[in-house]
Every structure is written in C-alpha cells, then in structure tokens.
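Okay, data_17.cif now, which holds mmCIF, C-alpha atoms:
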data_final
#
loop_
_atom_site.label_atom_id
_atom_site.label_comp_id
_atom_site.auth_asym_id
_atom_site.auth_seq_id
_atom_site.Cartn_x
_atom_site.Cartn_y
_atom_site.Cartn_z
CA MET A 1085 -76.67 33.59 -26.78
CA ASN A 1086 -80.11 34.37 -28.16
CA THR A 1087 -81.17 37.92 -27.16
CA LYS A 1088 -84.45 36.82 -25.63
CA THR A 1089 -82.73 34.06 -23.62
CA HIS A 1090 -79.94 36.41 -22.55
CA THR A 1091 -82.44 39.00 -21.29
CA LEU A 1092 -84.34 36.33 -19.40
CA ALA A 1093 -81.21 35.04 -17.70
CA LYS A 1094 -79.95 38.54 -16.90
CA SER A 1095 -83.15 39.96 -15.50
CA SER A 1096 -84.38 36.96 -13.56
CA THR A 1097 -83.60 36.69 -9.87
CA LEU A 1098 -85.22 33.27 -9.74
CA ARG A 1099 -83.53 29.91 -9.69
CA ALA A 1100 -82.26 28.77 -13.06
CA LEU A 1101 -83.96 25.40 -12.64
CA SER A 1102 -86.63 24.32 -10.19
CA VAL A 1103 -88.44 20.99 -9.87
CA HIS A 1104 -91.35 20.32 -7.51
CA GLY A 1105 -92.96 16.97 -6.69
CA LEU A 1106 -91.84 15.25 -9.89
CA ARG A 1107 -93.30 11.80 -10.49
CA PHE A 1108 -92.68 9.39 -13.34
CA ALA A 1109 -93.14 5.65 -13.92
CA TYR A 1110 -92.29 3.22 -16.70
CA ASP A 1111 -95.47 1.12 -16.94
CA ASP A 1112 -96.12 0.19 -13.30
CA ARG A 1113 -92.56 0.78 -12.05
CA ALA A 1114 -92.18 4.11 -10.29
CA VAL A 1115 -88.83 5.75 -11.02
CA LEU A 1116 -89.29 9.22 -9.56
CA ASP A 1117 -91.68 9.62 -6.66
CA GLY A 1118 -92.13 13.24 -5.58
CA LEU A 1119 -88.62 14.47 -6.31
CA ASP A 1120 -87.75 18.09 -5.54
CA PHE A 1121 -84.69 19.62 -7.15
CA ARG A 1122 -83.17 23.03 -7.81
CA ALA A 1123 -80.18 24.57 -9.50
CA ALA A 1124 -79.25 28.19 -8.88
CA ARG A 1125 -77.73 30.56 -11.40
CA GLY A 1126 -73.99 30.09 -11.60
CA GLU A 1127 -74.13 26.62 -10.02
CA LEU A 1128 -72.72 23.27 -11.11
CA VAL A 1129 -74.88 20.53 -9.58
CA GLY A 1130 -73.97 16.86 -9.57
CA LEU A 1131 -76.66 14.15 -9.58
CA VAL A 1132 -75.39 10.90 -8.10
CA GLY A 1133 -76.92 7.57 -7.13
CA PRO A 1134 -76.85 3.89 -8.12
CA ASN A 1135 -77.82 2.64 -11.57
CA GLY A 1136 -81.59 2.66 -12.06
CA THR A 1137 -82.18 5.34 -9.45
CA GLY A 1138 -83.62 7.84 -11.96
CA LYS A 1139 -80.75 10.19 -12.89
CA THR A 1140 -81.11 9.74 -16.65
CA THR A 1141 -84.90 9.78 -16.40
CA LEU A 1142 -84.72 13.09 -14.53
CA LEU A 1143 -82.57 14.64 -17.27
CA LYS A 1144 -85.02 13.42 -19.93
CA LEU A 1145 -87.89 14.99 -18.03
CA LEU A 1146 -86.01 18.26 -17.66
CA SER A 1147 -85.24 18.38 -21.38
CA GLY A 1148 -88.78 17.49 -22.45
CA VAL A 1149 -87.99 14.07 -23.93
CA LEU A 1150 -90.30 12.52 -21.32
CA ARG A 1151 -93.39 14.00 -19.68
CA ALA A 1152 -93.94 13.70 -15.93
CA SER A 1153 -97.15 12.22 -14.56
CA ALA A 1154 -97.14 14.84 -11.78
CA GLY A 1155 -95.10 17.79 -10.60
CA SER A 1156 -93.66 20.85 -12.28
CA ILE A 1157 -90.43 21.94 -13.96
CA GLU A 1158 -89.53 25.61 -14.24
CA ILE A 1159 -86.67 27.30 -16.09
CA PHE A 1160 -86.10 30.85 -14.81
CA GLY A 1161 -89.62 30.80 -13.39
CA GLN A 1162 -91.31 29.60 -16.59
CA GLU A 1163 -93.20 26.31 -16.66
CA THR A 1164 -91.54 24.17 -19.33
CA GLY A 1165 -94.63 22.08 -19.98
CA ARG A 1166 -96.21 25.10 -21.67
CA MET A 1167 -93.17 26.06 -23.72
CA PRO A 1168 -92.86 25.47 -27.45
CA THR A 1169 -90.09 22.99 -28.26
CA SER A 1170 -88.03 25.69 -29.98
CA GLU A 1171 -88.13 27.96 -26.93
CA ARG A 1172 -87.13 25.14 -24.59
CA ALA A 1173 -84.21 24.33 -26.89
CA ARG A 1174 -82.95 27.90 -26.52
CA LEU A 1175 -82.98 27.54 -22.75
CA ILE A 1176 -81.76 23.96 -22.27
CA SER A 1177 -78.98 22.05 -24.02
CA VAL A 1178 -78.43 18.34 -23.46
CA VAL A 1179 -75.50 15.95 -23.74
CA PRO A 1180 -77.11 12.48 -23.53
CA GLN A 1181 -75.27 9.31 -22.64
CA ASP A 1182 -76.08 7.32 -25.80
CA PRO A 1183 -77.25 9.79 -28.46
CA ARG A 1184 -78.52 8.91 -31.91
CA THR A 1185 -76.77 11.08 -34.45
CA PRO A 1186 -77.19 11.33 -38.25
CA MET A 1187 -74.76 9.20 -40.25
CA GLY A 1188 -72.26 10.76 -42.64
CA LEU A 1189 -71.85 14.10 -40.88
CA THR A 1190 -68.47 15.57 -40.11
CA ALA A 1191 -67.83 16.57 -36.52
CA PHE A 1192 -68.14 20.24 -37.50
CA ASP A 1193 -71.47 19.71 -39.28
CA LEU A 1194 -72.81 17.96 -36.18
CA VAL A 1195 -71.72 20.78 -33.87
CA LEU A 1196 -73.27 23.30 -36.25
CA LEU A 1197 -76.65 21.64 -35.67
CA GLY A 1198 -76.52 23.24 -32.22
CA ARG A 1199 -77.38 26.54 -33.87
CA ASN A 1200 -80.77 25.27 -35.14
CA PRO A 1201 -82.83 26.62 -32.20
CA HIS A 1202 -81.64 30.14 -33.06
CA LEU A 1203 -82.62 29.97 -36.75
CA GLY A 1204 -85.89 31.11 -38.21
CA LEU A 1205 -88.10 29.12 -40.56
CA MET A 1206 -86.21 28.27 -43.77
CA GLN A 1207 -83.13 30.09 -42.42
CA TRP A 1208 -79.67 28.63 -42.99
CA GLU A 1209 -76.63 28.91 -40.74
CA GLY A 1210 -74.53 32.00 -41.38
CA ARG A 1211 -70.94 32.96 -40.80
CA GLY A 1212 -71.63 33.87 -37.19
CA ASP A 1213 -73.12 30.44 -36.53
CA ALA A 1214 -70.07 28.76 -38.05
CA GLU A 1215 -67.77 30.85 -35.86
CA ILE A 1216 -69.73 29.88 -32.75
CA ALA A 1217 -69.54 26.19 -33.72
CA LEU A 1218 -65.79 26.38 -34.34
CA HIS A 1219 -65.20 28.22 -31.07
CA SER A 1220 -67.17 25.52 -29.24
CA MET A 1221 -64.90 22.91 -30.77
CA GLU A 1222 -61.82 24.86 -29.76
CA LEU A 1223 -63.06 25.01 -26.16
CA THR A 1224 -63.50 21.22 -26.07
CA GLY A 1225 -60.24 20.45 -27.87
CA THR A 1226 -62.00 19.03 -30.92
CA ALA A 1227 -61.17 21.62 -33.61
CA ASP A 1228 -58.68 19.20 -35.17
CA LEU A 1229 -61.54 16.71 -35.61
CA ALA A 1230 -63.75 19.14 -37.54
CA GLN A 1231 -63.53 17.43 -40.93
CA ARG A 1232 -63.59 13.84 -39.70
CA ARG A 1233 -66.81 11.84 -39.86
CA PHE A 1234 -68.40 11.63 -36.46
CA GLU A 1235 -69.07 7.88 -36.61
CA ASN A 1236 -65.34 7.23 -37.14
CA LEU A 1237 -64.26 8.97 -33.93
CA SER A 1238 -63.30 7.20 -30.73
CA GLY A 1239 -65.68 7.15 -27.77
CA GLY A 1240 -63.82 9.92 -26.00
CA GLU A 1241 -63.64 12.07 -29.12
CA LYS A 1242 -67.36 11.64 -29.72
CA GLN A 1243 -68.10 12.69 -26.15
CA ARG A 1244 -66.14 15.93 -26.50
CA VAL A 1245 -67.77 16.71 -29.86
CA LEU A 1246 -71.21 16.23 -28.29
CA ILE A 1247 -70.28 18.68 -25.54
CA ALA A 1248 -69.19 21.12 -28.27
CA LEU A 1249 -72.62 20.63 -29.88
CA ALA A 1250 -74.30 21.60 -26.61
CA LEU A 1251 -72.00 24.60 -26.22
CA ALA A 1252 -72.90 25.82 -29.72
CA GLN A 1253 -76.54 25.85 -28.64
CA GLN A 1254 -75.64 28.64 -26.15
CA ALA A 1255 -78.44 27.73 -23.76
CA PRO A 1256 -78.17 29.01 -20.17
CA VAL A 1257 -79.03 25.60 -18.67
CA MET A 1258 -76.92 22.61 -19.70
CA LEU A 1259 -77.76 19.00 -18.80
CA LEU A 1260 -75.13 16.28 -19.15
CA ASP A 1261 -75.50 12.53 -18.61
CA GLU A 1262 -72.16 10.96 -17.65
CA PRO A 1263 -70.05 13.40 -19.73
CA THR A 1264 -66.75 11.90 -18.53
CA SER A 1265 -67.62 8.21 -18.90
CA ASN A 1266 -65.63 7.73 -22.13
CA LEU A 1267 -62.80 10.10 -21.32
CA ASP A 1268 -59.29 9.27 -20.15
CA ILE A 1269 -57.74 10.58 -16.97
CA ALA A 1270 -56.37 13.65 -18.76
CA HIS A 1271 -59.66 14.75 -20.36
CA GLN A 1272 -61.94 14.05 -17.38
CA PRO A 1273 -60.79 17.02 -15.25
CA ALA A 1274 -60.39 19.19 -18.37
CA VAL A 1275 -64.07 18.69 -19.28
CA MET A 1276 -65.23 19.31 -15.72
CA GLU A 1277 -63.14 22.49 -15.50
CA LEU A 1278 -64.72 23.64 -18.75
CA LEU A 1279 -68.19 23.06 -17.29
CA CYS A 1280 -67.19 25.09 -14.22
CA ASP A 1281 -66.21 28.00 -16.47
CA LEU A 1282 -69.40 27.75 -18.55
CA ARG A 1283 -71.83 27.85 -15.65
CA SER A 1284 -70.29 31.13 -14.53
CA GLU A 1285 -70.09 32.78 -17.94
CA ALA A 1286 -73.65 31.92 -18.99
CA GLU A 1287 -75.18 32.99 -15.66
CA GLY A 1288 -77.18 29.81 -15.93
CA ALA A 1289 -76.69 26.36 -14.41
CA VAL A 1290 -75.00 23.10 -15.33
CA VAL A 1291 -76.49 19.80 -14.11
CA VAL A 1292 -74.37 16.67 -14.44
CA ALA A 1293 -75.38 13.07 -13.75
CA MET A 1294 -72.26 11.19 -12.64
CA HIS A 1295 -71.07 7.88 -11.24
CA ASP A 1296 -67.60 9.03 -10.18
CA LEU A 1297 -68.23 10.43 -6.69
CA THR A 1298 -64.69 11.69 -6.24
CA LEU A 1299 -64.75 13.61 -9.53
CA ALA A 1300 -68.18 15.03 -8.69
CA ALA A 1301 -66.91 16.17 -5.29
CA GLN A 1302 -63.90 17.87 -6.82
CA PHE A 1303 -65.85 20.05 -9.29
CA CYS A 1304 -69.51 20.31 -8.28
CA ASP A 1305 -70.76 23.17 -6.11
CA ARG A 1306 -73.56 21.00 -4.79
CA ILE A 1307 -74.34 17.28 -4.83
CA VAL A 1308 -77.80 15.70 -4.94
CA ILE A 1309 -78.05 12.01 -4.04
CA ILE A 1310 -81.11 10.41 -5.62
CA HIS A 1311 -82.40 7.31 -3.85
CA ARG A 1312 -85.69 5.49 -4.40
CA GLY A 1313 -87.05 8.25 -6.59
CA ARG A 1314 -86.39 11.09 -4.17
CA ASN A 1315 -83.55 13.41 -3.26
CA PHE A 1316 -82.02 11.51 -0.35
CA ALA A 1317 -79.49 14.22 0.51
CA GLU A 1318 -78.26 17.45 -1.02
CA GLY A 1319 -75.69 20.06 -0.15
CA SER A 1320 -71.98 20.60 -0.40
CA PRO A 1321 -69.85 17.58 -1.37
CA GLU A 1322 -68.39 17.49 2.15
CA ALA A 1323 -71.85 17.43 3.76
CA VAL A 1324 -73.42 14.90 1.40
CA LEU A 1325 -70.72 12.39 0.47
CA THR A 1326 -70.35 10.78 3.87
CA GLU A 1327 -69.58 7.14 4.57
CA ALA A 1328 -72.99 6.70 6.20
CA ASN A 1329 -74.95 8.20 3.28
CA ILE A 1330 -73.05 6.18 0.69
CA GLU A 1331 -73.54 2.92 2.62
CA VAL A 1332 -77.31 3.47 2.82
CA VAL A 1333 -77.74 4.43 -0.84
CA TYR A 1334 -75.20 2.15 -2.52
CA GLY A 1335 -75.31 -0.72 -0.04
CA THR A 1336 -71.55 -0.88 0.36
CA LYS A 1337 -68.96 0.34 2.81
CA VAL A 1338 -66.50 2.98 1.66
CA ARG A 1339 -63.81 5.19 3.10
CA VAL A 1340 -64.09 8.94 2.58
CA MET A 1341 -60.86 10.91 2.82
CA SER A 1342 -59.78 14.44 1.94
CA HIS A 1343 -58.09 15.17 -1.37
CA PRO A 1344 -54.48 16.22 -0.64
CA ASP A 1345 -54.70 19.26 -2.92
CA THR A 1346 -58.31 20.46 -2.77
CA GLY A 1347 -59.60 19.03 0.51
CA THR A 1348 -62.68 17.69 -1.28
CA PRO A 1349 -63.96 14.16 -0.48
CA VAL A 1350 -62.21 11.19 -2.05
CA VAL A 1351 -64.35 8.04 -2.02
CA VAL A 1352 -62.62 4.65 -2.07
CA GLY A 1353 -63.97 1.18 -1.51
CA ALA A 1354 -63.34 -0.22 1.96
CA ARG A 1355 -61.28 -3.40 2.19
CA THR A 1356 -63.45 -6.47 2.67
CA SER A 1357 -62.96 -8.55 5.80
CA GLY A 1358 -61.75 -11.49 3.73
CA ALA A 1359 -58.83 -9.64 2.17
CA ALA A 1360 -55.39 -10.65 3.34
CA PRO A 1361 -53.58 -7.88 5.23
CA LEU A 1362 -50.42 -6.45 3.72
CA ARG A 1363 -47.16 -7.17 5.49
CA ASP A 1364 -44.63 -4.41 6.12
CA SER A 1365 -42.38 -5.85 3.41
CA ASP A 1366 -45.13 -5.74 0.72
#
Take the structure from the file and write it as structure tokens.
Amino acid sequence: MNTKTHTLAKSSTLRALSVHGLRFAYDDRAVLDGLDFRAARGELVGLVGPNGTGKTTLLKLLSGVLRASAGSIEIFGQETGRMPTSERARLISVVPQDPRTPMGLTAFDLVLLGRNPHLGLMQWEGRGDAEIALHSMELTGTADLAQRRFENLSGGEKQRVLIALALAQQAPVMLLDEPTSNLDIAHQPAVMELLCDLRSEAEGAVVVAMHDLTLAAQFCDRIVIIHRGRNFAEGSPEAVLTEANIEVVYGTKVRVMSHPDTGTPVVVGARTSGAAPLRDSD
C-alpha cells in the first residue's frame, strides 16, 4: 500500500466511505434521489436491489467515473470531488461489470497496470510492482493464467483476473460490480471469502453490488437495499433481507429461511398458486 494512503487509513477514525444526499439523473430520468450511504473500516457492504435501481450508477459515482448533480462523497473524511484523479486511484479500486481492456495484453500485464497509481511521472514498474501483481494473481487463483492473453480467457477467468488487477492497486476501498456473476459455484464463495479477508487486512472497506441475495447474506457484514434511488433498508442481513422487504422492492413473493450451516438468510422464490402440488410419492 502507498505510504500516504496507509497513513491515512491507519490514523483516521472516520468512516472509510460516506455518502450524503447523492443525486444523479440520466437526462430527465432520476436514478439516485438523495441517497445516503456509509461503509465503515473493516466492513464488507452489499448493495442489492432490482435491475435499474442505481447500484452500478452509485459505484460509478463513488469511483469518479460519473459526477453527482448534488450531494457529497467522502473517503476517510476527504471530499473526493476535490481530489486529483491519481490520489483517488490510490484510495479506491474498482472491478466493473463490463470493463473495456486493452487488446493483446497478457493477464499478468493487465494486472500490473494496477500499479500505475503508485508510479511517478515517466516511472516504470519495478521488481516490487511485479511481485505485488503476481501475489494478487496467486490470491485469486489466476497465476497459471499469467502468460495467456486476456481476451482469450473465459468469462470466469477474466473476472478473477480483474479482481487481481484491483488487488494490485492496493487501495483501502474496493468497489465491485457483480464480481461473482461469471463464476461457477466453486469460485463464487472463494471470491467472497477473499473479499472478506481483504477488507480486514487493508483496514478499509469493500462494497459489492450483487444480485444473489443468499450469497450476499452469507458474506456481507451489512446489506443496503436500494429502491427508487434511495436506501430503502440497511443493516445486518437478518434484519434487512425479510420477506416483506423483498416483496416491496422486487415485487415478488419469496421465502426466507436460515442457512443450515451459517444461520444466514437463504432467499428462495415462493411457489406460485398455479403450481401443481407434489404428491408424497414424487
């Protein structure tokens, strides 16, 4: 981690990430309308809600890709709107859902780009940067892909390499948009467990936009449901992922049960009234 960033994270007693009254619209369509949001140091926060509710837009605003029409965003008490791009890149790393990446790069070369925010003008990556990039690939199980061209990888392999790229950036706040969407059932929990470890080690925060409510409940410390541009509910998975909340936000009935191993909420679709009941012999 960059020394300046490390000192900031260590010395600050403030929230890692704080959003107040955030507003944003595409043309005349309001997406976020006065959203408040926070992420404490050492916290993994899940953002959930239906498609089009503003999860991806929120991540783009947090990372500086988009600019809010109103409201404020603070990282460790510093207003991001006044930060140089290079400084913000040392504090926030991003794993987008559909990134545009340069063609012809090997997976390792792409991950090494994560070291750019820590380099000076006209400075090239050194041995230490290469070691950090390789270690990031080892953590995500992608070291064996290092010399393969990124565009030739499968969807799941690309996703894990992109997470390695964010890890190589060594920023205390990490934002991820659907990081498990292209992963199989074996790699989904592995990636989420890795994110749990990272948010503790970096003394920062990890914010993940997700569709899988059960997976979010299993790994996230806190869940924020975004609905109609605002935070509809937030708190522990048990407090937030209720049948009533999900019906209001998603417009569908579900059953919420306890995971047999962890006790966390498991969300399953409720049987429709038109479904034929199972007989005892089925």
Legend entry - Residues matched by the PyMOL selection byres ((chain A and resi 1354) around 7), written as number ranges by chain: A: 1337-1339, 1352-1353, 1355-1356
Let's have the selection written as a PDB file, in the frame of the given file, with C-alpha atoms.
ATOM      1  CA  LYS A1337     -68.960   0.340   2.810  1.00  0.00           C
ATOM      2  CA  VAL A1338     -66.500   2.980   1.660  1.00  0.00           C
ATOM      3  CA  ARG A1339     -63.810   5.190   3.100  1.00  0.00           C
ATOM      4  CA  VAL A1352     -62.620   4.650  -2.070  1.00  0.00           C
ATOM      5  CA  GLY A1353     -63.970   1.180  -1.510  1.00  0.00           C
ATOM      6  CA  ARG A1355     -61.280  -3.400   2.190  1.00  0.00           C
ATOM      7  CA  THR A1356     -63.450  -6.470   2.670  1.00  0.00           C
TER       8      THR A1356
END
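Residues matched by the PyMOL selection byres ((chain A and resi 1120-1136) around 6) in this file: Arg1099, Ala1100, Leu1101, Ser1102, Val1103, His1104, Gly1105, Leu1119, Thr1137, Gly1138, Arg1283, Ser1284, Glu1287, Gly1288, Ala1289, Val1290, Val1291, Val1292, Ala1293, Met1294, Cys1304, Asp1305, Arg1306, Ile1307, Val1308, Ile1309 and Ile1310 of chain A.
The interatomic distance for the pair atom CA of A:Ala1270 and atom CA of A:Val1340 works out to 23.2 Å.
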Inset, instruction - Determine the residue membership of the PyMOL selection byres ((chain A and resi 1251) around 9) for the file above and supply it as a ChimeraX atom specification. - result: /A:1177,1195,1198,1216-1217,1220-1221,1223,1246-1250,1252-1255,1258,1282
Inset, instruction - Find the spatial neighbours of stretch 1260-1266 of chain A, counting only C-alpha atoms, within a cut-off of 6 Å - ignore same-chain residues fewer than 3 positions away - and output them as a PyMOL selection string. - result: chain A and resi 1178-1181+1239-1240+1272+1292-1294
I need the residues from that last selection saved to file as a tab-separated table (two decimals), keeping the file's coordinate frame (with C-alpha atoms), if you can.
chain	number	residue	atom	x	y	z
A	1178	VAL	CA	-78.43	18.34	-23.46
A	1179	VAL	CA	-75.50	15.95	-23.74
A	1180	PRO	CA	-77.11	12.48	-23.53
A	1181	GLN	CA	-75.27	9.31	-22.64
A	1239	GLY	CA	-65.68	7.15	-27.77
A	1240	GLY	CA	-63.82	9.92	-26.00
A	1272	GLN	CA	-61.94	14.05	-17.38
A	1292	VAL	CA	-74.37	16.67	-14.44
A	1293	ALA	CA	-75.38	13.07	-13.75
A	1294	MET	CA	-72.26	11.19	-12.64
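A straight line drawn from atom CA of A:Arg1151 to atom CA of A:Gly1165 is 8.2 Å long.
Relative to atom CA of A:Ala1214, atom CA of A:Pro1256 is found at 19.6 Å.
Closest approach to A:Arg1312 from the set A:Thr1169, A:Val1333, A:Leu1175, A:Asp1296 is made by A:Val1333, with distances taken over only C-alpha atoms.
Contact shell of A:Leu1116 at 7 Å (only C-alpha atoms; same-chain neighbours under 3 positions omitted): A:Leu1106, A:Arg1107, A:Phe1108, A:Ala1109, A:Leu1119, A:Gly1138, A:Gly1313, A:Arg1314.
Of the residues listed (A:Ala1274, A:Ala1191, A:Val1332, A:Leu1218), A:Ala1191 shows the shortest atom-to-atom separation from A:Asn1236; distances use all atoms listed in the file.
Closest approach to A:Arg1233 among A:Val1245, A:Leu1325, A:Val1149, A:Ile1269 is made by A:Val1245 (distances from all atoms listed in the file).
Taking all atoms listed in the file into account, A:Gly1148 lies nearest to A:Ser1170 out of the set A:Leu1229, A:Gln1243, A:Thr1326, A:Ser1170.
With all atoms listed in the file as the basis for measurement, A:Gln1231 is the residue among A:Ser1153, A:Gln1231, A:Pro1168, A:Glu1222 that approaches A:Leu1189 most closely.
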Edge lengths and centre in Å, axis-aligned, stretch 1145-1148 of chain A plus 8 Å each side, as lines of an AutoDock Vina configuration file:
center_x = -87.0
center_y = 16.7
center_z = -20.1
size_x = 19.5
size_y = 19.4
size_z = 20.8
Supply stretch 1245-1276 of chain A as a short mmCIF file (atom, residue, chain, number, x, y, z; two decimals), in the frame of the given file, with N, CA and C atoms built in where the input has gaps.
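For reference, out.cif as written:
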data_model
loop_
_atom_site.label_atom_id
_atom_site.label_comp_id
_atom_site.auth_asym_id
_atom_site.auth_seq_id
_atom_site.Cartn_x
_atom_site.Cartn_y
_atom_site.Cartn_z
N VAL A 1245 -67.06 16.05 -28.77
CA VAL A 1245 -67.77 16.71 -29.86
C VAL A 1245 -69.22 16.97 -29.45
N LEU A 1246 -69.83 16.04 -28.73
CA LEU A 1246 -71.21 16.23 -28.29
C LEU A 1246 -71.31 17.38 -27.28
N ILE A 1247 -70.29 17.54 -26.46
CA ILE A 1247 -70.28 18.68 -25.54
C ILE A 1247 -70.13 19.97 -26.34
N ALA A 1248 -69.32 19.95 -27.39
CA ALA A 1248 -69.19 21.12 -28.27
C ALA A 1248 -70.54 21.45 -28.92
N LEU A 1249 -71.27 20.44 -29.31
CA LEU A 1249 -72.62 20.63 -29.88
C LEU A 1249 -73.52 21.36 -28.89
N ALA A 1250 -73.49 20.93 -27.63
CA ALA A 1250 -74.30 21.60 -26.61
C ALA A 1250 -73.83 23.03 -26.37
N LEU A 1251 -72.53 23.25 -26.41
CA LEU A 1251 -72.00 24.60 -26.22
C LEU A 1251 -72.46 25.52 -27.35
N ALA A 1252 -72.48 25.01 -28.57
CA ALA A 1252 -72.90 25.82 -29.72
C ALA A 1252 -74.35 26.24 -29.60
N GLN A 1253 -75.12 25.52 -28.84
CA GLN A 1253 -76.54 25.85 -28.64
C GLN A 1253 -76.69 27.12 -27.80
N GLN A 1254 -75.68 27.42 -26.98
CA GLN A 1254 -75.64 28.64 -26.15
C GLN A 1254 -76.89 28.79 -25.28
N ALA A 1255 -77.31 27.70 -24.68
CA ALA A 1255 -78.44 27.73 -23.76
C ALA A 1255 -77.93 27.97 -22.34
N PRO A 1256 -78.65 28.72 -21.52
CA PRO A 1256 -78.17 29.01 -20.17
C PRO A 1256 -78.19 27.82 -19.22
N VAL A 1257 -79.00 26.79 -19.51
CA VAL A 1257 -79.03 25.60 -18.67
C VAL A 1257 -78.52 24.42 -19.50
N MET A 1258 -77.49 23.74 -18.99
CA MET A 1258 -76.92 22.61 -19.70
C MET A 1258 -77.08 21.35 -18.85
N LEU A 1259 -77.57 20.28 -19.46
CA LEU A 1259 -77.76 19.00 -18.80
C LEU A 1259 -76.82 17.98 -19.44
N LEU A 1260 -76.07 17.26 -18.62
CA LEU A 1260 -75.13 16.28 -19.15
C LEU A 1260 -75.28 14.96 -18.41
N ASP A 1261 -75.36 13.87 -19.17
CA ASP A 1261 -75.50 12.53 -18.61
C ASP A 1261 -74.18 11.79 -18.76
N GLU A 1262 -73.45 11.64 -17.68
CA GLU A 1262 -72.16 10.96 -17.65
C GLU A 1262 -71.20 11.51 -18.71
N PRO A 1263 -70.89 12.81 -18.68
CA PRO A 1263 -70.05 13.40 -19.73
C PRO A 1263 -68.60 12.94 -19.71
N THR A 1264 -68.15 12.33 -18.61
CA THR A 1264 -66.75 11.90 -18.53
C THR A 1264 -66.58 10.39 -18.65
N SER A 1265 -67.67 9.68 -18.94
CA SER A 1265 -67.62 8.21 -18.90
C SER A 1265 -66.66 7.62 -19.92
N ASN A 1266 -66.51 8.26 -21.08
CA ASN A 1266 -65.63 7.73 -22.13
C ASN A 1266 -64.31 8.47 -22.25
N LEU A 1267 -64.00 9.27 -21.25
CA LEU A 1267 -62.80 10.10 -21.32
C LEU A 1267 -61.67 9.49 -20.49
N ASP A 1268 -60.44 9.74 -20.92
CA ASP A 1268 -59.29 9.27 -20.15
C ASP A 1268 -59.02 10.21 -18.99
N ILE A 1269 -58.02 9.85 -18.20
CA ILE A 1269 -57.74 10.58 -16.97
C ILE A 1269 -57.28 12.01 -17.23
N ALA A 1270 -56.79 12.28 -18.43
CA ALA A 1270 -56.37 13.65 -18.76
C ALA A 1270 -57.55 14.52 -19.14
N HIS A 1271 -58.54 13.94 -19.87
CA HIS A 1271 -59.66 14.75 -20.36
C HIS A 1271 -60.79 14.87 -19.35
N GLN A 1272 -60.87 13.97 -18.37
CA GLN A 1272 -61.94 14.05 -17.38
C GLN A 1272 -61.91 15.38 -16.61
N PRO A 1273 -60.79 15.73 -15.96
CA PRO A 1273 -60.79 17.02 -15.25
C PRO A 1273 -60.88 18.21 -16.19
N ALA A 1274 -60.34 18.08 -17.41
CA ALA A 1274 -60.39 19.19 -18.37
C ALA A 1274 -61.84 19.51 -18.72
N VAL A 1275 -62.66 18.48 -18.95
CA VAL A 1275 -64.07 18.69 -19.28
C VAL A 1275 -64.81 19.29 -18.09
N MET A 1276 -64.55 18.79 -16.90
CA MET A 1276 -65.23 19.31 -15.72
C MET A 1276 -64.84 20.76 -15.45
#
